[in-house]
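This report refers to the structure that appears directly beneath it.
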Amino acid sequence: MTGRVLITGAGRGIGLSIARVLARDGFSLALVTKSESSATRLRAERFVVDADAIVVAFDLADDAALADFVTKWREPLWGIVHNAGICATATLADCEHDPWREVLAVNLEAPYRLMRGLLPSLARPGRIVTIGSQLSVEGRAGYGAYCASKFGLIGLTKCWAKELGREGVTVNAVCPGWVDTEMTGNDVARIAAEMGRDAASFKAEIADPLELKRFNTPEEVAELVAFLMSDKSSGITGRAWLMQTIWNQQ
Ligand SMILES: NC(=O)c1ccc[n+]([C@@H]2O[C@H](COP(=O)([O-])OP(=O)(O)OC[C@H]3O[C@@H](n4cnc5c(N)ncnc54)[C@H](OP(=O)(O)O)[C@@H]3O)[C@@H](O)[C@H]2O)c1
């Protein structure tokens with residue numbers, strides 16, 4: 001079965017790869033980005049034209065914009081991929097920065113509000129995939145807000161699986177470790193700079209303890225999402241699919 005899949009954060013990185021792989025598999029797309037520039041880029045992609053994609057730009061952290069989007073939404077959806085996410089760090093002792101509200105708003109509240117608003121449009125059976133992280137199951141110093149949001153997303157995934165299973169809707173989380181994207185590049189460069197290190201050699205050092213000795217690619221994450229979006233995964237729900245381990249700093 002194919003139909004339309006809504007993907008948040010489809011402008012780049014993992015979300016863009018998910019869009020490309022799902023289009024390859026015959027799904028129509030509804031793509032959400034934050035910026036108009038990402039939306040314009042997506043509209044220019046050939047797959048978008050071929051797959052008749054809907055592309056919308058709005059800020060998922062803006063309650064009014066999100067409410068407006070779900071109120072106006074009319075298209076049936078086979079699935080939703082809650083992929084959009086941001087990462088901002090601050091330790092408990094950091095009195096200057098507190099990213100709690102912005103991180104929780106995008107990573108946790110937005111999936112919750114989107115699900116409530118779009119539920120009437122969701123097919124039965126249907127598919128929901130949330131994008132967690134290795135930090136959905138482990139802590140890391142300075143990542144309190146991000147970890148809380150990603151742990152919370154697994155909680156929602158498991159609750160929704162129980163609420164919707166009777167109707168044939170599966171709900172699963174994909175939890176990557178390090179993935180080569182803009183988010184990761186910024187993260188690695190920032191940590192390296194804080195340590196006075198060169199970003200490339202620091203990245204190689206992070207990759208060394210990983211099982212595959214390298215970061216995952218966005219395409220590898222997208223292939224797992226594609227499986228969970230397909231008919232083949234009809235018997236799997238409420239699971240968090242962990243990819244590689246992460247570098248476990250204090
Ligand atoms: N990269 C990793 O190593 C890694 C590891 C584990 C988990 N993850 C998770 O995977 C997901 C995707 O990560 P990524 O690395 O691909 O991220 P990314 O490259 O930074 O892309 C994020 C996407 O989300 C959109 N977005 C961000 N804030 C938004 C907002 N307030 N409203 C609407 N859209 C918003 C961005 O829109 P614009 O394009 O318009 O800016 C962009 O398209 C996230 O949930 C992240 O936590 C990533």
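Please note that chains go A, B, ... in the order of the structure tokens, that every chain numbers its residues from 1, and that ligands are numbered from 1 in the order shown.
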
*Please extract the residues at most 7 Å from ligand 1, counting only C-alpha atoms and all ligand atoms, and provide them as a PyMOL selection string, using the chain letters and residue numbers of this document.*
chain A and resi 8-15+32-39+57-61+83-87+106-107+131-134+175-184

*Which neighbours of Leu77 (chain A) fall inside 7 Å, counting only C-alpha atoms, when residues of the same chain fewer than 3 positions from it are skipped, and could you give them as a VMD selection string?*
chain A and resid 3 to 5 121 to 123

*Which is closest to Met115 (chain A) among A:Ala145, A:Ile18, A:Leu210, A:Val81, if we use only C-alpha atoms?*
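Of all the options, A:Val81 lies closest to Met115 (chain A).
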
*strand (DSSP E) positions in region 106-182 of chain A, given as a ChimeraX atom specification*: /A:122-131,169-175

*Could you give me, as a ChimeraX atom specification, the residues within 12 Å of Asp25 (chain A), counting only C-alpha atoms and dropping anything in the same chain fewer than 2 positions from it?*
/A:1-5,18-23,27-29,47,51,222-223,225-227,229-231

*Out of A:Ile191, A:Leu212, A:Ala240, A:Leu114, which residue has the shortest atom-to-atom distance to Leu153 (chain A) when counting only C-alpha atoms?*
A:Ala240

_Ranking A:Glu219, A:Gly185, A:Phe69, A:Ala173 by minimum distance to Lys203 (chain A) and counting only C-alpha atoms, which one comes first?_
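Selected residue with least distance to Lys203 (chain A): A:Gly185.
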
*Enter the distance from CA of Val129 (chain A) to CA of Asn172 (chain A), in Å, rounded to one decimal.*
5.0 Å

_Which of A:Leu118, A:Cys147, A:Val188, A:Leu242 sits closest to Phe202 (chain A) [using only C-alpha atoms]_ =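 Among the listed residues, the smallest separation from Phe202 (chain A) belongs to A:Val188.
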
_Quick check, in Å to one decimal: how far apart do CA of Thr130 (chain A) and CA of Thr40 (chain A) lie?_
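It comes out at 24.8 Å.
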
*Could you pull out the alpha helix (DSSP H) residues of region 72-186 of chain A from DSSP and send them as a PyMOL selection string?*
chain A and resi 72+100-104+110-118+144-164+182-186

Can you write out the residues you just picked, keeping N, CA and C atoms, as a compact mmCIF listing (two decimals), in the first residue's frame?
```
# COMPACT_ATOMS: atom_id res chain seq x y z
N LYS A 72 -6.33 23.49 8.57
CA LYS A 72 -6.59 23.59 7.12
C LYS A 72 -6.30 22.28 6.38
N TRP A 100 15.72 24.95 27.00
CA TRP A 100 14.65 24.01 27.32
C TRP A 100 13.41 24.21 26.47
N ARG A 101 12.87 25.43 26.50
CA ARG A 101 11.58 25.66 25.83
C ARG A 101 11.66 25.45 24.32
N GLU A 102 12.70 25.98 23.70
CA GLU A 102 12.77 25.87 22.22
C GLU A 102 12.97 24.43 21.80
N VAL A 103 13.81 23.69 22.54
CA VAL A 103 14.08 22.30 22.15
C VAL A 103 12.84 21.44 22.38
N LEU A 104 12.21 21.60 23.54
CA LEU A 104 11.00 20.80 23.83
C LEU A 104 9.87 21.14 22.86
N ALA A 110 5.63 19.59 19.28
CA ALA A 110 5.12 19.65 17.90
C ALA A 110 4.62 18.28 17.42
N PRO A 111 5.38 17.17 17.64
CA PRO A 111 4.82 15.87 17.25
C PRO A 111 3.50 15.57 17.94
N TYR A 112 3.40 15.93 19.22
CA TYR A 112 2.16 15.68 19.98
C TYR A 112 0.98 16.44 19.37
N ARG A 113 1.23 17.73 19.08
CA ARG A 113 0.13 18.56 18.54
C ARG A 113 -0.21 18.17 17.10
N LEU A 114 0.81 17.83 16.33
CA LEU A 114 0.55 17.38 14.95
C LEU A 114 -0.29 16.11 14.95
N MET A 115 0.07 15.17 15.82
CA MET A 115 -0.68 13.90 15.87
C MET A 115 -2.13 14.14 16.22
N ARG A 116 -2.37 14.97 17.23
CA ARG A 116 -3.76 15.23 17.63
C ARG A 116 -4.53 15.89 16.48
N GLY A 117 -3.86 16.84 15.82
CA GLY A 117 -4.55 17.57 14.76
C GLY A 117 -4.76 16.75 13.49
N LEU A 118 -3.80 15.87 13.18
CA LEU A 118 -3.86 15.15 11.90
C LEU A 118 -4.49 13.77 12.04
N GLY A 144 20.65 18.02 28.44
CA GLY A 144 19.43 17.75 29.23
C GLY A 144 18.15 17.98 28.46
N ALA A 145 18.03 19.13 27.80
CA ALA A 145 16.78 19.44 27.08
C ALA A 145 16.59 18.47 25.91
N TYR A 146 17.67 18.23 25.17
CA TYR A 146 17.58 17.33 24.00
C TYR A 146 17.22 15.92 24.46
N CYS A 147 17.92 15.42 25.50
CA CYS A 147 17.62 14.07 26.01
C CYS A 147 16.18 13.99 26.50
N ALA A 148 15.74 14.98 27.24
CA ALA A 148 14.37 14.96 27.76
C ALA A 148 13.38 14.88 26.60
N SER A 149 13.64 15.65 25.55
CA SER A 149 12.72 15.65 24.40
C SER A 149 12.74 14.30 23.70
N LYS A 150 13.91 13.70 23.57
CA LYS A 150 14.02 12.44 22.82
C LYS A 150 13.57 11.24 23.66
N PHE A 151 13.83 11.27 24.96
CA PHE A 151 13.24 10.23 25.83
C PHE A 151 11.71 10.35 25.76
N GLY A 152 11.21 11.59 25.81
CA GLY A 152 9.76 11.81 25.78
C GLY A 152 9.13 11.30 24.51
N LEU A 153 9.84 11.46 23.41
CA LEU A 153 9.32 11.02 22.11
C LEU A 153 9.13 9.50 22.09
N ILE A 154 10.03 8.78 22.76
CA ILE A 154 9.86 7.31 22.84
C ILE A 154 8.61 7.00 23.68
N GLY A 155 8.41 7.78 24.72
CA GLY A 155 7.20 7.59 25.54
C GLY A 155 5.95 7.77 24.71
N LEU A 156 5.91 8.85 23.93
CA LEU A 156 4.74 9.09 23.06
C LEU A 156 4.59 7.95 22.05
N THR A 157 5.70 7.51 21.48
CA THR A 157 5.68 6.43 20.47
C THR A 157 5.00 5.19 21.06
N LYS A 158 5.39 4.85 22.28
CA LYS A 158 4.84 3.63 22.90
C LYS A 158 3.36 3.82 23.28
N CYS A 159 3.00 5.01 23.73
CA CYS A 159 1.58 5.27 24.06
C CYS A 159 0.73 5.23 22.80
N TRP A 160 1.19 5.91 21.74
CA TRP A 160 0.41 5.95 20.50
C TRP A 160 0.26 4.54 19.91
N ALA A 161 1.33 3.71 20.04
CA ALA A 161 1.24 2.33 19.53
C ALA A 161 0.10 1.60 20.23
N LYS A 162 -0.05 1.84 21.53
CA LYS A 162 -1.12 1.16 22.28
C LYS A 162 -2.48 1.74 21.92
N GLU A 163 -2.54 3.05 21.70
CA GLU A 163 -3.84 3.68 21.38
C GLU A 163 -4.33 3.30 19.98
N LEU A 164 -3.39 3.13 19.04
CA LEU A 164 -3.79 3.00 17.63
C LEU A 164 -3.63 1.60 17.06
N GLU A 182 24.08 18.29 8.63
CA GLU A 182 24.47 19.64 9.05
C GLU A 182 24.46 19.74 10.58
N MET A 183 23.41 19.13 11.21
CA MET A 183 23.30 19.17 12.67
C MET A 183 24.56 18.58 13.31
N THR A 184 24.98 17.43 12.79
CA THR A 184 26.16 16.75 13.34
C THR A 184 27.42 17.56 13.08
N GLY A 185 27.54 18.08 11.86
CA GLY A 185 28.73 18.86 11.52
C GLY A 185 28.89 20.04 12.48
N ASN A 186 27.77 20.73 12.74
CA ASN A 186 27.82 21.87 13.66
C ASN A 186 28.20 21.43 15.07
```

_Distance in Å - CA of Ser17 (chain A) versus CA of Pro218 (chain A)_ = 5.9 Å

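When only C-alpha atoms are used to measure the gap to Ile236 (chain A), the shortest distance among A:Arg127, A:Arg41, A:Arg46, A:Arg24 belongs to A:Arg127.
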
*Name the residues in contact with Ala93 (chain A) at a cut-off of 12 Å, using only C-alpha atoms, excluding same-chain residues fewer than 4 positions from it; report them as a PyMOL selection string.*
chain A and resi 89+97-98+141-142+144

_Best match for closeness to Ala90 (chain A) among A:Phe215, A:Leu135, A:Glu45, A:Arg140, counting only C-alpha atoms_ =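 Using only C-alpha atoms, the shortest distance to Ala90 (chain A) belongs to A:Arg140.
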
*If you count only C-alpha atoms, which residues fall within 9 Å of Pro125 (chain A), apart from same-chain ones fewer than 5 positions away, as an MDAnalysis selection string?*
chainID A and resid 78 165 167:170 234

Output file for the selection above: N, CA and C atoms, as a compact mmCIF listing (two decimals), in the first residue's frame:
```txt
# COMPACT_ATOMS: atom_id res chain seq x y z
N TRP A 78 -1.28 8.33 4.57
CA TRP A 78 -0.92 6.95 4.91
C TRP A 78 -0.01 6.95 6.15
N GLY A 165 -3.03 0.69 17.84
CA GLY A 165 -2.76 -0.65 17.32
C GLY A 165 -4.01 -1.38 16.87
N GLU A 167 -6.45 -0.31 15.44
CA GLU A 167 -6.89 0.16 14.12
C GLU A 167 -5.87 -0.13 13.02
N GLY A 168 -4.82 -0.89 13.38
CA GLY A 168 -3.82 -1.27 12.38
C GLY A 168 -2.79 -0.20 12.10
N VAL A 169 -2.73 0.81 12.96
CA VAL A 169 -1.71 1.85 12.79
C VAL A 169 -0.48 1.44 13.61
N THR A 170 0.68 1.31 12.96
CA THR A 170 1.90 1.01 13.70
C THR A 170 2.65 2.30 14.01
N SER A 234 4.02 -4.50 9.00
CA SER A 234 2.69 -4.40 9.63
C SER A 234 2.60 -5.05 11.01
```
